[in-house]
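Asker: Structure provided below as structure tokens; questions to follow.
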Amino acid sequence: MTAELDKSRAAADTLTGGPRRRSVRRTVPLPLLLPGVVALAFLLLPLVALLVRAPWSSLPDQLTSTEVWQALQLSLVTATAATAVSLVLGVPLAWLLARTEFPGRGLVRSLVTLPLVLPPVVGGVALLLALGRNGVVGKWLDSWFGITLPFTTAGVVVAEAFVAMPFLVISVEGTLRAADPRFEEAAATLGASRFTAFRRVTLPLIAPGIAAGAVLAWARALGEFGATITFAGNFPGRTQTMPLAVYLALQNDPEAAISLSLVLLAVSIAVLAGLRDRWMTTS
């Protein structure tokens, strides 16, 4: 009887494509459920409060004011320029960290990721000491080329690139380590130089990682505050980006600050939506 039952089960498994998995009801331990729910509420409550207290009736007027458009335009331009700088400098740096061996590579990687944990205000002070008019390098830029970076739009780009580039480098380096180096080796055996192999073979392979890193760097640059206000100041139309405009409006016009915050929130949601296939997939 048991043998016949086993044969019938085997026949059923063959017809259905294999044995069916039994659904197991998983219970969540109460000591884990409660802190998890509290953590979720802690993260979502400020965002919900921002939406609830938003001046929806006056929002169009707030967002069409000259000051808002100046700050928004400057933020978009400087964030894009900072991302371009990060791409030009960060992709080669990521390749060096992923594909070459040199003394102190671990230390270099740690220094590259340092701006991720460094307080932005400290980064702004460091930029002033390095690139200010009396800085270690800035005094030579001023005396030799007449270039002054602090409290200029170019200074905003420098500050944003300083805090945003590590996001790009980490993303691209991780993609390079996951890519199979045998494709580059095959290109080398066919006579391609190392740079040609990088340009024609490696770049197409790691393009998704570069795109994801660029989006993260752009979003980080768009939301930069501490290093920007310390190194570039807060001058409307020249260095006042959206986060700085939010800070200034919060002191004089809270409704305008909420409106500007909604714009940055919408940009952040758009970035997450664009990266959902890379960062938000579930197995």
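By order of appearance in the structure tokens: chains A, B, ..., then residues from 1 within every chain, and ligands from 1 in the order shown.
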Compile the contact shell of Thr148 in chain A as a ChimeraX atom specification: residues with an atom at most 8 Å away, counting only C-alpha atoms, same-chain residues fewer than 3 positions apart removed.
Answerer: /A:132-133,138,141-142,152
Asker: Go ahead and dump the residues you just picked, N, CA and C atoms, as a compact mmCIF listing (two decimals), in the first residue's frame.
Answerer:
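What landed in out_3.txt:
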# COMPACT_ATOMS: atom_id res chain seq x y z
N GLY A 132 41.30 77.39 -0.05
CA GLY A 132 41.01 78.79 0.23
C GLY A 132 42.10 79.70 -0.29
N ARG A 133 41.86 80.99 -0.22
CA ARG A 133 42.83 81.95 -0.76
C ARG A 133 44.18 81.83 -0.07
N GLY A 138 45.28 76.53 -2.53
CA GLY A 138 44.54 77.68 -3.00
C GLY A 138 45.38 78.92 -3.18
N LEU A 141 46.89 78.67 -6.55
CA LEU A 141 45.89 78.90 -7.58
C LEU A 141 45.59 80.38 -7.73
N ASP A 142 45.59 81.10 -6.61
CA ASP A 142 45.29 82.52 -6.65
C ASP A 142 46.45 83.32 -7.22
N THR A 152 32.14 80.99 -4.36
CA THR A 152 31.79 81.11 -5.78
C THR A 152 30.95 79.89 -6.17
Asker: Applying 9 Å and only C-alpha atoms, which residues near range 117-125 of chain A remain after dropping the ones on its own chain fewer than 2 positions away? List them as a list in words.
Answerer: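 Final neighbour list, sorted by chain and number: Thr113, Leu114, Pro115, Leu127, Leu128, Leu129, Ala130, Ala159, Phe162, Val163, Glu224, Phe225, Gly226, Ala227, Thr228, Ile229, Thr230, Phe231 and Ala232 of chain A.
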Asker: Which of range 49-283 of chain A end up as alpha helix (DSSP H) when DSSP is run on this backbone - answer as a PyMOL selection string?
Answerer: chain A and resi 49-52+59-63+66-99+105-117+120-131+138-140+153-178+182-189+194-197+203-222+226-231+242-252+254-274+276-279
Asker: Could you produce a table of the residues of range 13-115 of chain A lying within 12 Å of range 180-196 of chain A, with the nearest pair of atoms per residue and their separation in Å rounded to one decimal, using only C-alpha atoms, ordered by chain and increasing residue number, as CSV?
Answerer:
residue,atom,partner,partner_atom,distance
A:Pro92,CA,A:Phe195,CA,10.7
A:Trp95,CA,A:Phe195,CA,11.1
A:Ala98,CA,A:Pro181,CA,10.5
A:Arg99,CA,A:Pro181,CA,8.6
A:Thr100,CA,A:Pro181,CA,11.8
Asker: Could you write those residues out with C-alpha atoms, as a compact mmCIF listing (two decimals), in the first residue's frame?
Answerer:
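Result written to result.txt:
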# COMPACT_ATOMS: atom_id res chain seq x y z
CA PRO A 92 39.48 55.85 -13.08
CA TRP A 95 39.35 51.04 -11.68
CA ALA A 98 39.57 47.22 -8.27
CA ARG A 99 42.06 46.15 -10.92
CA THR A 100 45.55 47.08 -9.74
Asker: Rounded to one decimal in Å, what is the spacing between CA of Leu176 in chain A and CA of Pro204 in chain A?
Answerer: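 A separation of 11.2 Å between them.
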Asker: Given the choices A:Leu97, A:Val267, A:Met165, A:Ala245, which gets closest to Thr66 in chain A if the distance is worked out from only C-alpha atoms?
Answerer: A:Ala245
Asker: Separation of CA of Gln73 in chain A and CA of Gly209 in chain A, in Å?
Answerer: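 CA of Gln73 in chain A sits 27.2 Å away from CA of Gly209 in chain A.
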Asker: Please, what distance in Å, to one decimal, runs between CA of Thr241 in chain A and CA of Ala71 in chain A?
Answerer: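 Taking CA of Thr241 in chain A as the start and CA of Ala71 in chain A as the end point, the length is 4.7 Å.
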Asker: Which neighbours of Leu96 in chain A fall inside 10 Å, counting only C-alpha atoms, when residues of the same chain fewer than 6 positions from it are skipped, and could you give them as a ChimeraX atom specification?
Answerer: /A:90,102,105,173
Asker: Keeping only N, CA, C and O atoms, write those residues as a PDB file, in the first residue's frame.
Answerer:
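Once written, again-v7.pdb looks like this:
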ATOM      1  N   GLY A  90      36.296  59.858 -10.689  1.00  0.00           N
ATOM      2  CA  GLY A  90      35.963  58.716  -9.842  1.00  0.00           C
ATOM      3  C   GLY A  90      36.037  57.378 -10.543  1.00  0.00           C
ATOM      4  O   GLY A  90      36.438  56.376  -9.932  1.00  0.00           O
ATOM      5  N   PHE A 102      48.825  47.841  -5.516  1.00  0.00           N
ATOM      6  CA  PHE A 102      49.869  48.805  -5.184  1.00  0.00           C
ATOM      7  C   PHE A 102      49.936  48.941  -3.676  1.00  0.00           C
ATOM      8  O   PHE A 102      48.942  48.683  -2.974  1.00  0.00           O
ATOM      9  N   ARG A 105      46.966  50.144  -0.822  1.00  0.00           N
ATOM     10  CA  ARG A 105      45.675  50.231  -1.487  1.00  0.00           C
ATOM     11  C   ARG A 105      44.532  50.259  -0.474  1.00  0.00           C
ATOM     12  O   ARG A 105      43.546  50.973  -0.652  1.00  0.00           O
ATOM     13  N   GLU A 173      33.479  50.542  -8.155  1.00  0.00           N
ATOM     14  CA  GLU A 173      34.457  49.535  -7.730  1.00  0.00           C
ATOM     15  C   GLU A 173      33.779  48.191  -7.474  1.00  0.00           C
ATOM     16  O   GLU A 173      34.289  47.134  -7.864  1.00  0.00           O
TER      17      GLU A 173
END
